[in-house]
Amino acid sequence: MIVAVIHINVTLADWGSVLPELIIAGGMLLLMLVDVFVPGKKVNLTTWLTLIILALAFAASWNLWRTGGMASALYGTVTSDRFAMFFDFSILISAALAVLISPGYISTSAFDSGEYYALILGAVLGMMLMAAGLSLMVLFIALELLSLALYILSGFERFRPRSQEAGFKYFLLSSFASAFLLYGFALLYGVTGSTSLIKISTCLAGHAHGCSAAATSSPLLYIGIGLMLVGFAFKVSIVPFHMWTPDVYEGAPTPVTAFMSVATKAALFAAFIRVFSMSLSTVESHWYGALWALAIATMVVGNIAALAQSNMKRLLAYSGIAHAGYILVAMAANNALGQSAVAFYFLAYTFMNIGAFVFVAYLETTGRAGDEIASYRGIFYRNPALALPMAIFMFSLAGFPPTAGFFAKYVAFQAAVQAGHVDLVVVGVITSLVSVVYYLRVVAVMFLQPAEEAAPVEQPVPPEQPPAVEQVPASAEPVTRPQLPWNIDVGIWTAALGSIVLGIIPTGLLTYASESVTAVRALFGLP
Amino acid sequence: MNLTPGPEHFLVLGAILFTLGVIGVLTRRDPLIIFMSIELMLNSVNLTFATFSQQLGSADGQVFVFIVMTVAAAEVVVGLALIVSIFQTRQQIDVDELDQMSG
């Protein structure tokens with residue numbers, strides 16, 4: 001009988017490298033307790049608590065960034081390298097902005113705040129683990145953790161049919177996609193004999209003994225890569241697996257949409273890069289063609305479909321699909337510059353995309369049809385403090401210099417040119433030009449004269465009318481400029497500032513992004 | 001003639017079950033049946049993992065099976081909760097009727 005002696009060799013440094021995740025997990029449990037034990041309305045308390053927890057996690061991530069983190073911790077299952085930390089920053093900032101705009105939404109929709117924030121933190125935990133996972137098992141658990149939390153959050157407004165529909169559609173399609181991804185993982189495990197991404201990469205490079213040399217040409221590897229590609233493509237809404245995106249984005253509560261539109265994609269793309277560009281880099285020829293086709297289809301379909309949208313949330317959904325296409329271009333470049341472009345892109349995307357959702361969320365809480373573009377007519381004259389940042393977000397999403405969106409796109413395309421994929425860049429530039437049409441349409445609508453002011457209001461009052469009837473006309477309402485609630489103010493201007501600053505001085509962050517990529521490439525033995 | 005099933009038989013069985021699951025998801029209209037088809041897909045993956053684990057002599061695959069089973073159970077909880085909440089307001093559940101938004 002063989003008695004296995006297991007030396008449990010987990011040091012404090014191992015736990016330190018998952019400190020941000022531990023803070024989020026502890027915070028999630030704390031919020032659930034607060035929800036049960038603190039009586040009465042507690043939106044303010046839970047909002048502040050969530051923001052503090054996110055800030056602590058951000059500080060812990062920053063500390064790991066500063067010290068460089070551990071290349072692999074907890075038996076090589078997770079990493080706290082700079083690449084993971086860079087994506088953590090995107091995830092935490094987008095979560096914080098989404099939490100900041102939630103109170104107004106919670107009080108108008110009257111749902112419980114405690115479990116709402118606990119679920120947001122659950123999703124954040126899954127996303128951070130997704131960005132840090134070095135093992136197929138961790139990636140799968142992280143993926144399910146974030147997905148399960150997001151299914152519930154999408155359907156959180158239990159009595160609004162659209163929210164229910166969004167939650168249910170997301171649930172069915174996303175778990176369908178998870179099964180594909182999982183089958184891909186199983187085949188990859190079967191071919192390489194390991195669930196560790198680093199061991200998989202050494203096996204495929206032919207450096208490991210006990211791993212057959214035929215692994216790279218095994219048909220199972222091809223099928224596995226195809227299945228994983230389908231799974232990832234579903235989750236980050238890449239054409240032709242994007243059909244769920246507009247419906248879920250439209251139906252889900254707006255702060256949730258804002259959060260998931262950025263953070264989910266950031267986490268999934270981090271894992272996508274780790275699995276494909278790092279672990280499977282030696283068999284690039286197996287997947288490059290598929291990635292090329294997906295990138296082109298995504299850019300073309302996303303941008304053209306966005307032209308026809310009249311609902312802002314749907315427009316942002318299709319714009320998100322188009323942006324996933326540009327990010328895919330950077331990923332297809334499969335060089336260090338391309339991977340740092342993806343990291344930078346997400347930081348830029350966090351600010352500009354969530355900013356646009358802050359705008360929608362605020363208008364929804366004021367009782368107007370906040371997500372119909374037609375209802376934005378003349379909003380600049382009623383509320384310039386709201387319309388100006390929105391214009392910045394639209395310019396940034398369209399990629400005008402000197403905004404963050406321009407530089408993100410520029411670096412992404414530069415990486416593709418460097419790798420010799422000019423065809424992708426040509427399609428990217430042409431579809432970006434198409435995208436200018438629908439982004440600028442939103443800006444134009446906001447700056448149009450309001451319909452009720454365009455018509456002259458002073459009409460000759462018939463003399464026989466008694467003076468008592470003369471009252472303030474209803475159209476005087478736009479004159480009183482509404483004061484924005486402070487949280488919307490902070491959220492929208494932080495996002496606007498981020499979109500501008502990243503565009504004016506991008507070099508510092510680009511250096512950080514490329515440092516983070518150097519760290520992760522070294523881990524996988526890539527130059 | 002050797003009739004002992006080898007690993008490839010189990011792998012093929014896993015592939016067939018997975019395909020049946022996919023067909024079920026794509027053709028059925030009752031959310032519960034779609035849901036069961038997804039579970040079938042996950043379990044076919046479990047069979048694949050267990051087979052590889054046996055073939056490779058590594059325990060990773062079997063650990064993965066436990067993780068997948070746990071996750072599948074959590075997924076059932078969330079999925080059924082969503083179905084119940086829809087049923088409470090609509091009194092019928094057919095995915096073709098969930099068409100307030102058309103993607």
# chains A, B, ... in the order shown; residues from 1 in each chain; ligands from 1
>>> interface_residues(of="chain A", to="chain B", cutoff="6 Å", atoms="only C-alpha atoms", output="ChimeraX atom specification")
/A:179,183,186,190,243,246-247
>>> residues_around(residues="Leu181 of chain A", least_positions_apart="5", cutoff="9 Å", atoms="only C-alpha atoms", output="MDAnalysis selection string")
chainID A and resid 140 186 224 227:232
>>> write_last_selection(atoms="N, CA, C and O atoms", output="PDB file, in the first residue's frame")
ATOM      1  N   PHE A 140     -11.973  27.721 -14.913  1.00  0.00           N
ATOM      2  CA  PHE A 140     -13.369  27.274 -15.000  1.00  0.00           C
ATOM      3  C   PHE A 140     -14.172  27.734 -13.783  1.00  0.00           C
ATOM      4  O   PHE A 140     -15.285  28.251 -13.919  1.00  0.00           O
ATOM      5  N   ALA A 186     -11.194  19.912 -21.527  1.00  0.00           N
ATOM      6  CA  ALA A 186     -11.024  18.467 -21.325  1.00  0.00           C
ATOM      7  C   ALA A 186     -10.109  17.898 -22.406  1.00  0.00           C
ATOM      8  O   ALA A 186      -9.205  17.106 -22.111  1.00  0.00           O
ATOM      9  N   GLY A 224     -10.170  20.646 -29.651  1.00  0.00           N
ATOM     10  CA  GLY A 224     -10.169  21.344 -28.365  1.00  0.00           C
ATOM     11  C   GLY A 224     -10.026  22.834 -28.545  1.00  0.00           C
ATOM     12  O   GLY A 224     -10.741  23.635 -27.921  1.00  0.00           O
ATOM     13  N   LEU A 227     -13.272  24.277 -29.831  1.00  0.00           N
ATOM     14  CA  LEU A 227     -14.318  24.363 -28.808  1.00  0.00           C
ATOM     15  C   LEU A 227     -14.046  25.500 -27.829  1.00  0.00           C
ATOM     16  O   LEU A 227     -14.958  26.242 -27.438  1.00  0.00           O
ATOM     17  N   MET A 228     -12.766  25.656 -27.446  1.00  0.00           N
ATOM     18  CA  MET A 228     -12.431  26.745 -26.512  1.00  0.00           C
ATOM     19  C   MET A 228     -12.685  28.096 -27.157  1.00  0.00           C
ATOM     20  O   MET A 228     -13.165  29.031 -26.521  1.00  0.00           O
ATOM     21  N   LEU A 229     -12.378  28.170 -28.465  1.00  0.00           N
ATOM     22  CA  LEU A 229     -12.583  29.418 -29.184  1.00  0.00           C
ATOM     23  C   LEU A 229     -14.071  29.792 -29.191  1.00  0.00           C
ATOM     24  O   LEU A 229     -14.434  30.950 -28.952  1.00  0.00           O
ATOM     25  N   VAL A 230     -14.938  28.767 -29.422  1.00  0.00           N
ATOM     26  CA  VAL A 230     -16.377  29.027 -29.397  1.00  0.00           C
ATOM     27  C   VAL A 230     -16.796  29.522 -28.018  1.00  0.00           C
ATOM     28  O   VAL A 230     -17.531  30.505 -27.881  1.00  0.00           O
ATOM     29  N   GLY A 231     -16.280  28.852 -26.968  1.00  0.00           N
ATOM     30  CA  GLY A 231     -16.638  29.244 -25.607  1.00  0.00           C
ATOM     31  C   GLY A 231     -16.234  30.665 -25.294  1.00  0.00           C
ATOM     32  O   GLY A 231     -17.050  31.472 -24.829  1.00  0.00           O
ATOM     33  N   PHE A 232     -14.992  31.002 -25.591  1.00  0.00           N
ATOM     34  CA  PHE A 232     -14.521  32.365 -25.324  1.00  0.00           C
ATOM     35  C   PHE A 232     -15.290  33.379 -26.167  1.00  0.00           C
ATOM     36  O   PHE A 232     -15.654  34.450 -25.678  1.00  0.00           O
TER      37      PHE A 232
END
>>> closest_residue(among="A:Met312, A:Leu188, A:Leu424, A:Met32", to="Asn353 of chain A", atoms="only C-alpha atoms")
A:Met312
>>> closest_residue(among="A:Ser113, A:Leu143, A:Leu172, A:Leu49", to="Met36 of chain B", atoms="only C-alpha atoms")
A:Leu172
>>> residues_around(residues="Thr195 of chain A", least_positions_apart="5", cutoff="8 Å", atoms="only C-alpha atoms", output="JSON, numbers by chain")
{"A": [135, 136, 137, 189, 200], "B": [60]}
>>> atom_distance(atom1="atom CA of Val283 of chain A", atom2="atom CA of Leu146 of chain A")
29.1 Å
>>> residues_around(residues="Ile198 of chain A", least_positions_apart="3", cutoff="8 Å", atoms="only C-alpha atoms", output="list of chain:residue names")
A:Leu134, A:Ser201, A:Thr202, A:Ser279, A:Leu523, A:Phe524
>>> write_last_selection(atoms="all heavy atoms", output="mmCIF file, in the first residue's frame")
data_model
loop_
_atom_site.group_PDB
_atom_site.id
_atom_site.type_symbol
_atom_site.label_atom_id
_atom_site.label_comp_id
_atom_site.auth_asym_id
_atom_site.auth_seq_id
_atom_site.Cartn_x
_atom_site.Cartn_y
_atom_site.Cartn_z
ATOM 1 N N LEU A 134 -3.893 30.367 -13.499
ATOM 2 C CA LEU A 134 -2.824 29.723 -14.270
ATOM 3 C C LEU A 134 -3.155 28.262 -14.507
ATOM 4 O O LEU A 134 -2.322 27.509 -14.986
ATOM 5 C CB LEU A 134 -1.502 29.788 -13.502
ATOM 6 C CG LEU A 134 -0.634 31.017 -13.691
ATOM 7 C CD1 LEU A 134 0.702 30.795 -13.031
ATOM 8 C CD2 LEU A 134 -0.450 31.322 -15.157
ATOM 9 N N SER A 201 2.077 24.599 -22.003
ATOM 10 C CA SER A 201 2.916 25.276 -22.989
ATOM 11 C C SER A 201 4.261 24.560 -23.149
ATOM 12 O O SER A 201 4.757 24.423 -24.266
ATOM 13 C CB SER A 201 3.088 26.753 -22.635
ATOM 14 O OG SER A 201 4.193 26.945 -21.818
ATOM 15 N N THR A 202 4.832 24.046 -22.052
ATOM 16 C CA THR A 202 6.112 23.322 -22.218
ATOM 17 C C THR A 202 5.876 22.020 -22.967
ATOM 18 O O THR A 202 6.723 21.585 -23.747
ATOM 19 C CB THR A 202 6.786 23.008 -20.872
ATOM 20 O OG1 THR A 202 5.817 22.522 -19.976
ATOM 21 C CG2 THR A 202 7.469 24.206 -20.289
ATOM 22 N N SER A 279 -0.152 30.127 -23.609
ATOM 23 C CA SER A 279 -0.024 28.687 -23.448
ATOM 24 C C SER A 279 0.015 27.982 -24.798
ATOM 25 O O SER A 279 0.753 27.018 -24.988
ATOM 26 C CB SER A 279 -1.193 28.185 -22.618
ATOM 27 O OG SER A 279 -0.852 27.024 -21.954
ATOM 28 N N LEU A 523 7.047 34.366 -17.963
ATOM 29 C CA LEU A 523 6.518 33.207 -17.242
ATOM 30 C C LEU A 523 6.323 32.022 -18.189
ATOM 31 O O LEU A 523 6.521 30.865 -17.822
ATOM 32 C CB LEU A 523 5.198 33.610 -16.594
ATOM 33 C CG LEU A 523 4.549 32.642 -15.622
ATOM 34 C CD1 LEU A 523 5.479 32.384 -14.471
ATOM 35 C CD2 LEU A 523 3.249 33.228 -15.124
ATOM 36 N N PHE A 524 5.915 32.314 -19.434
ATOM 37 C CA PHE A 524 5.667 31.243 -20.389
ATOM 38 C C PHE A 524 6.862 31.016 -21.314
ATOM 39 O O PHE A 524 6.748 30.359 -22.331
ATOM 40 C CB PHE A 524 4.411 31.554 -21.207
ATOM 41 C CG PHE A 524 3.153 31.344 -20.421
ATOM 42 C CD1 PHE A 524 2.608 32.377 -19.685
ATOM 43 C CD2 PHE A 524 2.524 30.116 -20.406
ATOM 44 C CE1 PHE A 524 1.453 32.178 -18.952
ATOM 45 C CE2 PHE A 524 1.378 29.915 -19.678
ATOM 46 C CZ PHE A 524 0.837 30.949 -18.935
#
>>> closest_residue(among="A:Trp65, A:Trp486, A:Phe83, A:Tyr75", to="Ala336 of chain A", atoms="only C-alpha atoms")
A:Phe83
>>> select_by_dssp(residues="chain B", states="alpha helix (DSSP H)", output="MDAnalysis selection string")
chainID B and resid 7:27 31:56 60:90
>>> residues_around(residues="segment 378-381 of chain A", least_positions_apart="2", cutoff="6 Å", atoms="only C-alpha atoms", output="short mmCIF file (atom, residue, chain, number, x, y, z; two decimals) with N, CA, C and O atoms, in the first residue's frame")
data_model
loop_
_atom_site.label_atom_id
_atom_site.label_comp_id
_atom_site.auth_asym_id
_atom_site.auth_seq_id
_atom_site.Cartn_x
_atom_site.Cartn_y
_atom_site.Cartn_z
N TYR A 376 -32.97 62.13 -26.24
CA TYR A 376 -31.82 62.97 -25.86
C TYR A 376 -31.85 64.32 -26.56
O TYR A 376 -30.95 65.13 -26.36
N ASN A 383 -29.20 70.40 -19.78
CA ASN A 383 -28.27 69.88 -18.79
C ASN A 383 -26.86 69.73 -19.38
O ASN A 383 -26.42 68.63 -19.68
N PRO A 384 -26.16 70.85 -19.58
CA PRO A 384 -24.85 70.76 -20.24
C PRO A 384 -23.84 69.91 -19.47
O PRO A 384 -23.00 69.26 -20.08
N ALA A 387 -24.39 66.54 -20.83
CA ALA A 387 -24.20 66.31 -22.27
C ALA A 387 -22.74 66.41 -22.69
O ALA A 387 -22.30 65.67 -23.56
N MET A 446 -28.10 65.30 -29.18
CA MET A 446 -28.02 66.02 -27.90
C MET A 446 -27.91 67.53 -28.12
O MET A 446 -28.37 68.30 -27.30
N PHE A 447 -27.26 67.93 -29.22
CA PHE A 447 -27.03 69.35 -29.43
C PHE A 447 -28.08 70.00 -30.32
O PHE A 447 -28.00 71.19 -30.60
N LEU A 448 -29.07 69.22 -30.77
CA LEU A 448 -30.17 69.81 -31.53
C LEU A 448 -31.02 70.67 -30.60
O LEU A 448 -31.06 70.44 -29.40
N GLN A 449 -31.70 71.67 -31.20
CA GLN A 449 -32.63 72.45 -30.38
C GLN A 449 -33.73 71.53 -29.88
O GLN A 449 -34.20 70.66 -30.61
N PRO A 450 -34.13 71.69 -28.62
CA PRO A 450 -35.25 70.88 -28.15
C PRO A 450 -36.50 71.18 -28.96
O PRO A 450 -36.72 72.31 -29.37
#
>>> atom_distance(atom1="atom CA of Met70 of chain A", atom2="atom CA of Ile225 of chain A")
28.4 Å
>>> closest_residue(among="A:Met85, A:Ala416, A:Val426, A:Ala496", to="Ala391 of chain A", atoms="only C-alpha atoms")
A:Ala496
>>> atom_distance(atom1="atom CA of Lys235 of chain A", atom2="atom CA of Ala258 of chain A")
15.7 Å
>>> residues_around(residues="segment 102-105 of chain A", least_positions_apart="3", cutoff="10 Å", atoms="only C-alpha atoms", output="list of chain:residue names")
A:Val43, A:Asn44, A:Thr46, A:Thr47, A:Ala96, A:Leu97, A:Ala98, A:Val99, A:Thr108, A:Ser109, A:Ala110, A:Phe111, A:Ser113, A:Tyr116, A:Tyr117, A:Pro253, A:Thr254, A:Pro255, A:Val256, A:Val358, A:Ala361, A:Tyr362, A:Glu364, A:Thr365, A:Thr366, A:Pro485, A:Asn487, A:Ile488
>>> closest_residue(among="B:Ala73, B:His9, B:Leu32, B:Gln62", to="Phe87 of chain B", atoms="only C-alpha atoms")
B:Leu32
>>> decode(residues="segment 11-29 of chain B", atoms="C-alpha atoms", output="short mmCIF file (atom, residue, chain, number, x, y, z; two decimals), in the first residue's frame")
data_model
loop_
_atom_site.label_atom_id
_atom_site.label_comp_id
_atom_site.auth_asym_id
_atom_site.auth_seq_id
_atom_site.Cartn_x
_atom_site.Cartn_y
_atom_site.Cartn_z
CA LEU B 11 -14.20 9.27 -25.55
CA VAL B 12 -16.50 8.55 -28.49
CA LEU B 13 -19.41 8.01 -26.10
CA GLY B 14 -18.58 11.36 -24.48
CA ALA B 15 -18.55 13.04 -27.88
CA ILE B 16 -21.90 11.50 -28.82
CA LEU B 17 -23.52 12.57 -25.53
CA PHE B 18 -22.12 16.09 -25.97
CA THR B 19 -23.53 16.29 -29.49
CA LEU B 20 -26.92 15.07 -28.25
CA GLY B 21 -26.81 17.81 -25.64
CA VAL B 22 -26.04 20.45 -28.28
CA ILE B 23 -28.87 19.20 -30.49
CA GLY B 24 -31.20 19.30 -27.50
CA VAL B 25 -30.32 22.91 -26.70
CA LEU B 26 -30.75 23.99 -30.30
CA THR B 27 -34.03 22.18 -31.07
CA ARG B 28 -36.07 22.04 -27.85
CA ARG B 29 -38.33 24.90 -26.75
#
